[in-house]
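Asks: Supplied structure: input39.cif, mmCIF, C-alpha atoms.
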```
data_coords
loop_
_atom_site.label_atom_id
_atom_site.label_comp_id
_atom_site.auth_asym_id
_atom_site.auth_seq_id
_atom_site.Cartn_x
_atom_site.Cartn_y
_atom_site.Cartn_z
CA MET T 1 30.20 3.02 -27.77
CA LYS T 2 27.49 0.80 -29.21
CA LYS T 3 25.07 2.56 -31.55
CA LEU T 4 21.34 1.87 -31.67
CA LEU T 5 20.74 -0.89 -34.16
CA ILE T 6 18.28 -0.13 -36.95
CA LEU T 7 16.98 -3.43 -38.30
CA ASN T 8 16.39 -2.19 -41.85
CA THR T 9 19.59 -2.83 -43.80
CA ARG T 10 18.31 -0.82 -46.78
CA ILE T 11 17.92 2.82 -45.77
CA LYS T 12 14.71 4.40 -47.06
CA MET T 13 15.14 8.04 -48.06
CA LEU T 14 12.51 10.71 -47.49
CA THR T 15 10.11 11.47 -50.31
CA LYS T 16 9.11 14.97 -51.39
CA GLU T 17 5.78 14.60 -49.58
CA GLU T 18 7.53 13.44 -46.41
CA TYR T 19 9.73 16.53 -46.45
CA LYS T 20 6.52 18.54 -46.36
CA ARG T 21 4.86 16.41 -43.67
CA TYR T 22 7.85 16.45 -41.31
CA ASP T 23 8.93 20.02 -42.05
CA ARG T 24 8.88 21.09 -38.39
CA HIS T 25 11.03 18.11 -37.38
CA ILE T 26 13.51 18.67 -40.18
CA ARG T 27 13.94 22.33 -39.17
CA LEU T 28 15.29 21.19 -35.79
CA LYS T 29 19.07 20.96 -35.77
CA GLU T 30 18.81 18.02 -33.35
CA ILE T 31 16.81 16.00 -35.90
CA GLY T 32 17.10 17.36 -39.43
CA ALA T 33 16.60 15.25 -42.55
CA GLU T 34 19.05 12.62 -41.33
CA GLY T 35 17.19 12.16 -38.07
CA GLN T 36 13.86 11.97 -39.87
CA GLU T 37 15.24 9.22 -42.09
CA LYS T 38 16.27 7.32 -38.96
CA LEU T 39 12.69 7.58 -37.70
CA LYS T 40 11.39 6.33 -41.05
CA ASN T 41 13.68 3.31 -40.93
CA ALA T 42 13.03 2.45 -37.29
CA SER T 43 10.81 -0.27 -35.87
CA VAL T 44 9.14 0.38 -32.50
CA LEU T 45 7.27 -2.21 -30.46
CA VAL T 46 4.51 -0.94 -28.15
CA ILE T 47 3.24 -3.52 -25.68
CA GLY T 48 -0.20 -2.52 -24.46
CA ALA T 49 -2.72 -0.43 -26.40
CA GLY T 50 -4.33 1.23 -23.40
CA GLY T 51 -3.88 4.49 -21.54
CA LEU T 52 -0.14 4.82 -22.21
CA GLY T 53 -0.17 3.03 -25.55
CA CYS T 54 -2.70 5.42 -27.12
CA PRO T 55 -0.64 8.64 -26.84
CA VAL T 56 2.63 6.80 -27.50
CA LEU T 57 1.35 5.29 -30.73
CA GLN T 58 -0.41 8.45 -31.85
CA TYR T 59 2.68 10.62 -31.54
CA LEU T 60 5.09 8.02 -32.91
CA ALA T 61 2.95 7.56 -36.00
CA ALA T 62 2.74 11.33 -36.41
CA ALA T 63 6.52 11.58 -35.95
CA GLY T 64 7.12 9.27 -38.90
CA ILE T 65 8.18 5.97 -37.34
CA GLY T 66 8.29 3.61 -40.30
CA HIS T 67 7.18 0.43 -38.55
CA LEU T 68 4.99 0.28 -35.46
CA ILE T 69 4.18 -3.05 -33.81
CA ILE T 70 1.21 -3.17 -31.42
CA VAL T 71 0.76 -6.09 -29.02
CA ASP T 72 -2.59 -6.24 -27.27
CA HIS T 73 -5.32 -8.88 -26.98
CA ASP T 74 -7.96 -6.77 -25.20
CA VAL T 75 -11.17 -5.17 -26.48
CA VAL T 76 -12.46 -1.65 -25.89
CA SER T 77 -14.79 -1.23 -22.91
CA VAL T 78 -16.74 1.81 -21.76
CA SER T 79 -14.41 2.40 -18.79
CA ASN T 80 -11.46 2.81 -21.20
CA LEU T 81 -12.92 5.92 -22.84
CA GLN T 82 -12.05 8.20 -19.90
CA ARG T 83 -8.32 7.97 -20.63
CA GLN T 84 -7.70 5.95 -23.83
CA VAL T 85 -8.48 8.77 -26.21
CA LEU T 86 -7.93 7.01 -29.54
CA PHE T 87 -11.19 5.12 -28.92
CA THR T 88 -14.77 6.29 -29.32
CA THR T 89 -18.07 4.94 -28.02
CA SER T 90 -18.67 3.17 -31.33
CA ASP T 91 -15.45 1.16 -30.79
CA ILE T 92 -16.75 -0.62 -27.67
CA GLY T 93 -16.30 -4.37 -28.02
CA LYS T 94 -13.73 -4.11 -30.83
CA PRO T 95 -10.07 -5.23 -30.50
CA LYS T 96 -8.03 -2.25 -29.28
CA ALA T 97 -5.03 -2.88 -31.51
CA GLU T 98 -7.13 -3.14 -34.68
CA VAL T 99 -8.98 0.09 -33.89
CA ILE T 100 -5.72 1.93 -33.24
CA LYS T 101 -4.19 0.60 -36.46
CA ASP T 102 -7.01 2.15 -38.48
CA ARG T 103 -6.65 5.46 -36.62
CA LEU T 104 -2.89 5.62 -37.18
CA ILE T 105 -3.03 4.78 -40.87
CA ALA T 106 -5.74 7.41 -41.36
CA MET T 107 -3.42 9.92 -39.72
CA ASN T 108 -0.23 8.80 -41.49
CA PRO T 109 -0.66 6.40 -44.44
CA ASP T 110 3.12 6.02 -44.73
CA CYS T 111 3.34 4.30 -41.36
CA ASN T 112 3.42 0.48 -41.49
CA VAL T 113 1.38 -0.76 -38.53
CA GLU T 114 1.64 -4.41 -37.49
CA VAL T 115 -0.90 -5.83 -35.05
CA ILE T 116 -0.35 -8.85 -32.79
CA LEU T 117 -3.63 -9.82 -31.13
CA GLU T 118 -1.99 -11.96 -28.47
CA GLN T 119 -1.18 -11.61 -24.81
CA PHE T 120 2.50 -10.80 -24.37
CA SER T 121 3.83 -13.87 -22.57
CA LYS T 122 6.95 -15.79 -21.67
CA GLU T 123 6.31 -18.02 -24.69
CA ASN T 124 6.26 -15.28 -27.33
CA ALA T 125 8.25 -12.47 -25.66
CA LEU T 126 11.64 -13.03 -27.28
CA SER T 127 10.34 -13.66 -30.79
CA ILE T 128 8.24 -10.47 -30.68
CA ILE T 129 10.96 -8.26 -29.20
CA LYS T 130 13.42 -9.40 -31.89
CA LYS T 131 11.32 -7.47 -34.40
CA ALA T 132 11.97 -4.03 -32.91
CA ASP T 133 14.73 -1.46 -32.45
CA VAL T 134 13.04 0.12 -29.42
CA VAL T 135 10.48 -1.35 -27.01
CA VAL T 136 7.81 0.66 -25.18
CA ASP T 137 6.10 -0.74 -22.09
CA GLY T 138 2.49 0.39 -21.95
CA THR T 139 1.28 -2.31 -19.55
CA ASP T 140 -0.18 -1.87 -16.08
CA ASN T 141 0.95 -4.89 -14.05
CA PHE T 142 4.14 -6.09 -12.41
CA SER T 143 4.37 -9.45 -14.16
CA SER T 144 4.45 -7.79 -17.59
CA ARG T 145 6.98 -5.16 -16.53
CA TYR T 146 9.51 -7.71 -15.31
CA LEU T 147 8.94 -9.97 -18.30
CA ILE T 148 9.37 -7.11 -20.77
CA ASN T 149 12.52 -5.91 -19.00
CA ASP T 150 14.13 -9.33 -18.96
CA ALA T 151 13.29 -10.03 -22.59
CA CYS T 152 14.79 -6.65 -23.58
CA VAL T 153 17.98 -7.46 -21.68
CA ILE T 154 18.29 -10.84 -23.40
CA GLU T 155 17.67 -9.34 -26.85
CA ASP T 156 19.69 -6.16 -26.07
CA LYS T 157 16.87 -3.71 -26.82
CA PRO T 158 16.36 -0.32 -25.14
CA LEU T 159 13.13 -0.10 -23.13
CA VAL T 160 11.05 3.03 -22.53
CA SER T 161 8.88 2.43 -19.48
CA ALA T 162 6.24 4.47 -17.67
CA SER T 163 3.65 3.83 -14.97
CA ILE T 164 0.68 5.73 -13.58
CA GLN T 165 -1.17 5.75 -10.29
CA SER T 166 -3.75 8.35 -9.32
CA PHE T 167 -2.15 11.74 -10.16
CA ASP T 168 1.43 10.40 -10.14
CA GLY T 169 3.64 9.09 -12.91
CA GLN T 170 7.08 7.55 -13.37
CA LEU T 171 9.26 7.40 -16.49
CA SER T 172 12.65 5.93 -17.33
CA VAL T 173 14.69 4.35 -20.12
CA PHE T 174 16.21 0.96 -19.33
CA ASN T 175 18.91 -1.17 -20.94
CA TYR T 176 20.15 1.68 -23.12
CA LYS T 177 23.67 1.01 -24.40
CA GLY T 178 24.21 -1.51 -21.63
CA GLY T 179 22.91 0.87 -18.97
CA PRO T 180 20.75 0.14 -15.90
CA THR T 181 17.68 -2.06 -16.24
CA TYR T 182 14.28 -2.06 -14.55
CA ARG T 183 15.60 -4.56 -12.01
CA CYS T 184 18.45 -2.20 -11.07
CA ILE T 185 15.96 0.14 -9.38
CA PHE T 186 13.21 -2.42 -8.67
CA PRO T 187 15.12 -5.70 -8.08
CA ASN T 188 12.06 -7.69 -7.04
CA PRO T 189 8.30 -7.32 -7.43
CA PRO T 190 6.38 -6.14 -4.35
CA SER T 191 4.70 -8.62 -2.08
CA GLN T 192 0.96 -9.13 -2.35
CA GLU T 193 0.52 -6.95 0.75
CA GLU T 194 2.61 -4.13 -0.75
CA ALA T 195 1.07 -4.26 -4.23
CA PRO T 196 -1.74 -1.77 -4.90
CA ASN T 197 -5.25 -3.20 -4.96
CA CYS T 198 -6.17 -3.45 -8.65
CA ASN T 199 -9.83 -2.79 -7.97
CA GLU T 200 -9.31 0.36 -5.89
CA ILE T 201 -6.71 2.32 -7.85
CA GLY T 202 -7.93 5.28 -9.84
CA VAL T 203 -6.12 7.34 -12.44
CA VAL T 204 -6.74 10.78 -13.91
CA GLY T 205 -6.92 10.47 -17.68
CA SER T 206 -4.82 13.51 -18.53
CA MET T 207 -1.86 12.16 -16.55
CA VAL T 208 -1.85 9.04 -18.71
CA GLY T 209 -1.62 11.32 -21.74
CA ILE T 210 1.26 13.28 -20.22
CA MET T 211 3.31 10.18 -19.39
CA GLY T 212 2.59 8.48 -22.71
CA THR T 213 3.59 11.59 -24.65
CA MET T 214 6.86 11.76 -22.71
CA GLN T 215 7.48 8.11 -23.56
CA ALA T 216 7.09 8.97 -27.24
CA THR T 217 9.59 11.82 -26.80
CA GLU T 218 12.17 9.44 -25.30
CA VAL T 219 11.69 7.06 -28.24
CA ILE T 220 12.29 9.85 -30.73
CA LYS T 221 15.45 10.89 -28.85
CA LEU T 222 16.70 7.29 -28.74
CA ILE T 223 16.35 6.86 -32.49
CA THR T 224 17.63 10.25 -33.63
CA GLY T 225 20.32 10.70 -31.01
CA ALA T 226 18.88 14.03 -29.91
CA GLY T 227 19.41 15.20 -26.34
CA ASN T 228 20.01 12.97 -23.32
CA VAL T 229 17.70 10.07 -22.66
CA LEU T 230 16.50 9.09 -19.17
CA SER T 231 18.93 6.22 -18.78
CA GLY T 232 19.89 5.71 -15.13
CA GLN T 233 17.25 8.26 -14.15
CA LEU T 234 13.73 7.82 -12.84
CA LEU T 235 11.54 10.84 -13.51
CA LEU T 236 8.78 11.31 -10.93
CA VAL T 237 5.83 13.48 -11.94
CA SER T 238 3.24 14.73 -9.47
CA GLY T 239 0.18 15.98 -11.30
CA LEU T 240 -1.52 17.40 -8.23
CA ASP T 241 1.14 20.06 -7.65
CA MET T 242 2.88 19.71 -11.05
CA GLN T 243 6.27 18.96 -9.55
CA PHE T 244 9.03 16.99 -11.28
CA GLN T 245 11.81 15.12 -9.50
CA THR T 246 14.61 12.97 -10.94
CA LEU T 247 16.17 10.07 -9.04
CA ARG T 248 19.46 8.70 -10.31
CA PHE T 249 20.42 5.04 -10.06
CA LYS T 250 23.29 2.88 -11.28
CA LYS T 251 23.52 -0.49 -12.93
CA ASN T 252 23.55 -3.41 -10.51
CA PRO T 253 25.27 -6.37 -12.22
CA LYS T 254 23.81 -8.76 -9.63
CA VAL T 255 20.29 -8.24 -10.97
CA ALA T 256 20.87 -6.65 -14.40
CA ASN T 257 22.40 -9.61 -16.19
CA ILE T 258 19.57 -11.84 -17.41
CA SER T 259 20.20 -14.80 -19.70
CA THR T 260 16.91 -16.71 -19.49
CA LEU T 261 13.31 -15.83 -18.75
CA GLY T 262 12.05 -16.86 -15.33
CA ASP T 263 8.75 -16.97 -13.43
CA TYR T 264 6.46 -13.97 -13.86
CA ASN T 265 3.42 -14.95 -11.85
CA PHE T 266 3.18 -11.58 -10.08
CA ASP T 267 -0.31 -10.57 -11.21
CA PHE T 268 -1.99 -10.45 -7.82
CA CYS T 269 -5.33 -9.47 -9.33
CA ALA T 270 -5.50 -12.57 -11.46
CA ILE T 271 -7.73 -15.47 -10.44
CA PRO T 272 -6.24 -19.00 -10.60
CA ASP T 273 -7.76 -20.98 -13.47
CA ASP T 274 -8.58 -23.99 -11.34
CA GLU T 275 -10.73 -21.84 -9.04
CA ILE T 276 -13.09 -20.48 -11.67
CA GLU T 277 -12.95 -22.57 -14.85
CA ILE T 278 -15.44 -25.40 -15.20
CA SER T 279 -16.26 -27.72 -18.09
CA TYR T 280 -19.51 -27.74 -20.05
CA GLU T 281 -20.50 -30.97 -18.28
CA GLN T 282 -19.98 -29.29 -14.91
CA VAL T 283 -22.05 -26.32 -16.07
CA GLU T 284 -24.92 -28.63 -17.03
CA GLN T 285 -24.74 -30.42 -13.69
CA LEU T 286 -24.59 -27.15 -11.75
CA LEU T 287 -27.61 -25.75 -13.56
CA THR T 288 -29.52 -29.01 -13.03
CA ASP T 289 -28.76 -29.27 -9.32
CA ASN T 290 -29.28 -25.56 -8.61
CA VAL T 291 -31.83 -24.49 -11.19
CA ASP T 292 -33.37 -21.79 -8.97
CA ASN T 293 -30.09 -20.44 -7.64
CA SER T 294 -27.87 -20.31 -10.73
CA VAL T 295 -27.65 -18.06 -13.77
CA LEU T 296 -25.83 -18.30 -17.08
CA ILE T 297 -24.41 -15.09 -18.62
CA ASP T 298 -23.30 -14.95 -22.27
CA VAL T 299 -20.78 -12.08 -22.65
CA ARG T 300 -20.39 -12.40 -26.42
CA GLU T 301 -21.75 -9.97 -28.99
CA GLU T 302 -25.27 -10.45 -30.29
CA TYR T 303 -24.10 -11.63 -33.72
CA GLU T 304 -22.08 -14.41 -32.07
CA ARG T 305 -25.08 -15.52 -30.05
CA ASP T 306 -27.18 -15.63 -33.23
CA ILE T 307 -24.84 -18.33 -34.55
CA ASP T 308 -24.95 -20.57 -31.48
CA ASP T 309 -25.61 -20.36 -27.76
CA ILE T 310 -26.33 -22.47 -24.69
CA GLY T 311 -28.91 -20.13 -23.21
CA GLY T 312 -28.75 -17.62 -20.40
CA ILE T 313 -28.76 -13.82 -20.39
CA ASN T 314 -26.82 -12.06 -23.16
CA ILE T 315 -24.81 -9.10 -21.85
CA PRO T 316 -21.82 -8.31 -24.13
CA LEU T 317 -18.63 -7.72 -22.17
CA ALA T 318 -18.40 -4.12 -23.37
CA GLU T 319 -21.82 -3.44 -21.80
CA LEU T 320 -21.28 -5.40 -18.59
CA GLU T 321 -20.38 -2.43 -16.40
CA GLU T 322 -23.50 -0.53 -17.39
CA ARG T 323 -25.82 -3.56 -17.19
CA ILE T 324 -24.38 -5.28 -14.13
CA ALA T 325 -27.67 -4.82 -12.26
CA GLU T 326 -29.36 -7.19 -14.73
CA ILE T 327 -27.43 -10.11 -13.25
CA PRO T 328 -29.42 -11.68 -10.38
CA GLU T 329 -27.53 -12.15 -7.10
CA VAL T 330 -27.79 -15.93 -6.93
CA ASP T 331 -25.43 -18.54 -5.49
CA HIS T 332 -23.81 -19.45 -8.83
CA ILE T 333 -23.07 -17.13 -11.76
CA ILE T 334 -21.56 -18.75 -14.83
CA PHE T 335 -20.06 -16.55 -17.54
CA TYR T 336 -19.28 -17.85 -21.01
CA CYS T 337 -17.94 -16.54 -24.33
CA GLN T 338 -16.38 -17.95 -27.48
CA SER T 339 -12.96 -18.97 -26.13
CA GLY T 340 -13.05 -18.34 -22.37
CA LYS T 341 -11.02 -15.11 -22.34
CA ARG T 342 -13.86 -12.63 -22.15
CA SER T 343 -15.68 -14.67 -19.51
CA ARG T 344 -12.62 -14.51 -17.24
CA LYS T 345 -12.46 -10.75 -17.72
CA ALA T 346 -16.18 -10.58 -16.93
CA ILE T 347 -15.48 -12.20 -13.58
CA GLU T 348 -12.82 -9.60 -12.77
CA MET T 349 -15.21 -6.80 -13.74
CA TYR T 350 -18.05 -8.27 -11.71
CA GLN T 351 -15.83 -8.64 -8.63
CA SER T 352 -14.65 -5.03 -8.94
CA ILE T 353 -18.26 -3.86 -8.69
CA HIS T 354 -20.00 -6.44 -6.51
CA ASN T 355 -18.90 -7.75 -3.14
CA ASN T 356 -21.39 -10.54 -2.52
CA ASN T 357 -21.26 -14.26 -1.82
CA SER T 358 -22.03 -15.44 -5.35
CA LYS T 359 -19.67 -18.09 -6.67
CA LEU T 360 -18.38 -17.05 -10.08
CA PHE T 361 -17.41 -19.45 -12.84
CA SER T 362 -16.08 -19.30 -16.41
CA LEU T 363 -16.90 -21.93 -19.03
CA LYS T 364 -13.51 -23.46 -19.82
CA GLY T 365 -12.58 -23.00 -23.49
CA GLY T 366 -15.91 -21.29 -24.17
CA MET T 367 -18.15 -22.27 -27.05
CA GLU T 368 -15.16 -23.50 -29.04
CA LEU T 369 -14.92 -26.63 -26.87
CA ILE T 370 -18.61 -27.53 -27.03
#
```
Let me see the structure of the file written as structure tokens.

Replies:
Amino acid sequence: MKKLLILNTRIKMLTKEEYKRYDRHIRLKEIGAEGQEKLKNASVLVIGAGGLGCPVLQYLAAAGIGHLIIVDHDVVSVSNLQRQVLFTTSDIGKPKAEVIKDRLIAMNPDCNVEVILEQFSKENALSIIKKADVVVDGTDNFSSRYLINDACVIEDKPLVSASIQSFDGQLSVFNYKGGPTYRCIFPNPPSQEEAPNCNEIGVVGSMVGIMGTMQATEVIKLITGAGNVLSGQLLLVSGLDMQFQTLRFKKNPKVANISTLGDYNFDFCAIPDDEIEISYEQVEQLLTDNVDNSVLIDVREEYERDIDDIGGINIPLAELEERIAEIPEVDHIIFYCQSGKRSRKAIEMYQSIHNNNSKLFSLKGGMELI
């Protein structure tokens, strides 16, 4: 039977201080000093630093994982604070992964935290996953889940996956020792009609904490060999009546064997680039032709605007939800930022709040292309 590969070829022993820190772990016969050394020498990749990522990372750092890798390109917004409990109000507008890194190191200075401020994509998936012994999926969309699964299969890495909707959660471990994968229970993504509406789904914050903490527990079991992991089992958790149910499933070779990455355009909430992105020249023309019925919104921070701007109303992305009423309901609303990423997110946020006939645009490439 294939053992879990620990990438570090040189085993790092526990120090005297670490024996004190992890005393309660070491007292467990299922972990002991040997298991704690395995945790110290392990590398865990967490994709997504949001609702699931926060408790996963917090408890893995506390447990003594030697190397944590965080992949997330998003910034903290006020709506995150209800469930992403590693963030505070003062963190709004800051990169999530950088904020979490500081929190984890403050909690456990012995933990090496690596931050990748990129979107996890088909282009970088395999190179990032190579770095880790165990992968944790903390994302919230179908395209990422299938991409992460397939990359883990190709690189032969175990995957701890969870999902949340409303008061309900799901948890499983995929691709463990050649076991069933995500596709074995969910062979294909849902159709656009079947997929939940991204703007209407709610989630209770405490359930995110419950599922993320259970993900961390599965990671610890995977690395130390303690207990039985949820391979070939899908744990269903109902928070409303606090009921747990386990569904068993087997490996399906027809969908489990992946050799190359495919198409992952399943994000039904995303807006096609060619429908919203316009060049600076097009922005100028639009403002000239529709001066009384167009508005320009700068979603950068104030210090960025002090360096350079092209006019308009300054509403930082992190404040957009609270200040949405400041945006006039005109025919054309043009959002811009430094690179174009935040302006696209601003459009999604605006659409989730307003249902009017305004045409929304994002300055392509942002200020960097002007």

Asks: List as a count of residues only the protein and nucleic acid residues near Glu218 in chain T, meaning an atom at most 8 Å away when all atoms listed in the file are counted, but skip any in the same chain fewer than 6 places from it.

Replies: 4

Asks: Against range 161-172 of chain T, which residues of range 30-67 of chain T fall within 12 Å? For each one I want the closest pair of atoms and the distance in Å (one decimal), counting only C-alpha atoms, rows by chain and increasing residue number, as CSV.

Replies:
```
residue,atom,partner,partner_atom,distance
T:Val46,CA,T:Ser161,CA,10.3
T:Ile47,CA,T:Ser161,CA,10.3
T:Gly48,CA,T:Ser161,CA,11.5
T:Gly50,CA,T:Ser163,CA,11.9
T:Gly51,CA,T:Ile164,CA,9.3
T:Leu52,CA,T:Ala162,CA,7.8
T:Gly53,CA,T:Ala162,CA,10.3
T:Val56,CA,T:Ala162,CA,10.7
```

Asks: One decimal, in Å: what's the spacing between CA of Gln338 in chain T and CA of Met367 in chain T?

Replies: 4.7 Å

Asks: Between CA of Glu322 in chain T and CA of Pro55 in chain T, what is the distance in Å, rounded to a tenth?

Replies: 26.4 Å

Asks: Starting from the shown file, work through the PyMOL selection byres ((chain T and resi 62) around 9) and note down what comes out as a tab-separated table (two decimals) with C-alpha atoms, in the coordinates of the input.

Replies:
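Writing the result to part01.tsv gives the following:
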```tsv
chain	number	residue	atom	x	y	z
T	22	TYR	CA	7.85	16.45	-41.31
T	57	LEU	CA	1.35	5.29	-30.73
T	58	GLN	CA	-0.41	8.45	-31.85
T	59	TYR	CA	2.68	10.62	-31.54
T	60	LEU	CA	5.09	8.02	-32.91
T	61	ALA	CA	2.95	7.56	-36.00
T	63	ALA	CA	6.52	11.58	-35.95
T	64	GLY	CA	7.12	9.27	-38.90
T	65	ILE	CA	8.18	5.97	-37.34
T	104	LEU	CA	-2.89	5.62	-37.18
T	107	MET	CA	-3.42	9.92	-39.72
T	108	ASN	CA	-0.23	8.80	-41.49
T	111	CYS	CA	3.34	4.30	-41.36
```

Asks: I need the residue set behind the PyMOL selection byres ((chain T and resi 118-121) around 9) for this file; please write it as a ChimeraX atom specification.

Replies: /T:47-48,71-74,116-117,122-125,128,144,147-148

Asks: On this file, the PyMOL selection byres ((chain T and resi 324) around 10) gives some set of residues; write that set as a list in words.

Replies: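 Going through the file, the PyMOL selection byres ((chain T and resi 324) around 10) ends up selecting Ile315, Glu319, Leu320, Glu321, Glu322, Arg323, Ala325, Glu326, Ile327, Pro328, Met349, Tyr350, Ile353 and His354 of chain T.
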
Asks: Which is closest to Ile70 in chain T among T:Arg183, T:Arg27, T:Lys364, T:Lys101, if we use all atoms listed in the file?

Replies: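 Among the listed residues, the smallest separation from Ile70 in chain T belongs to T:Lys101.
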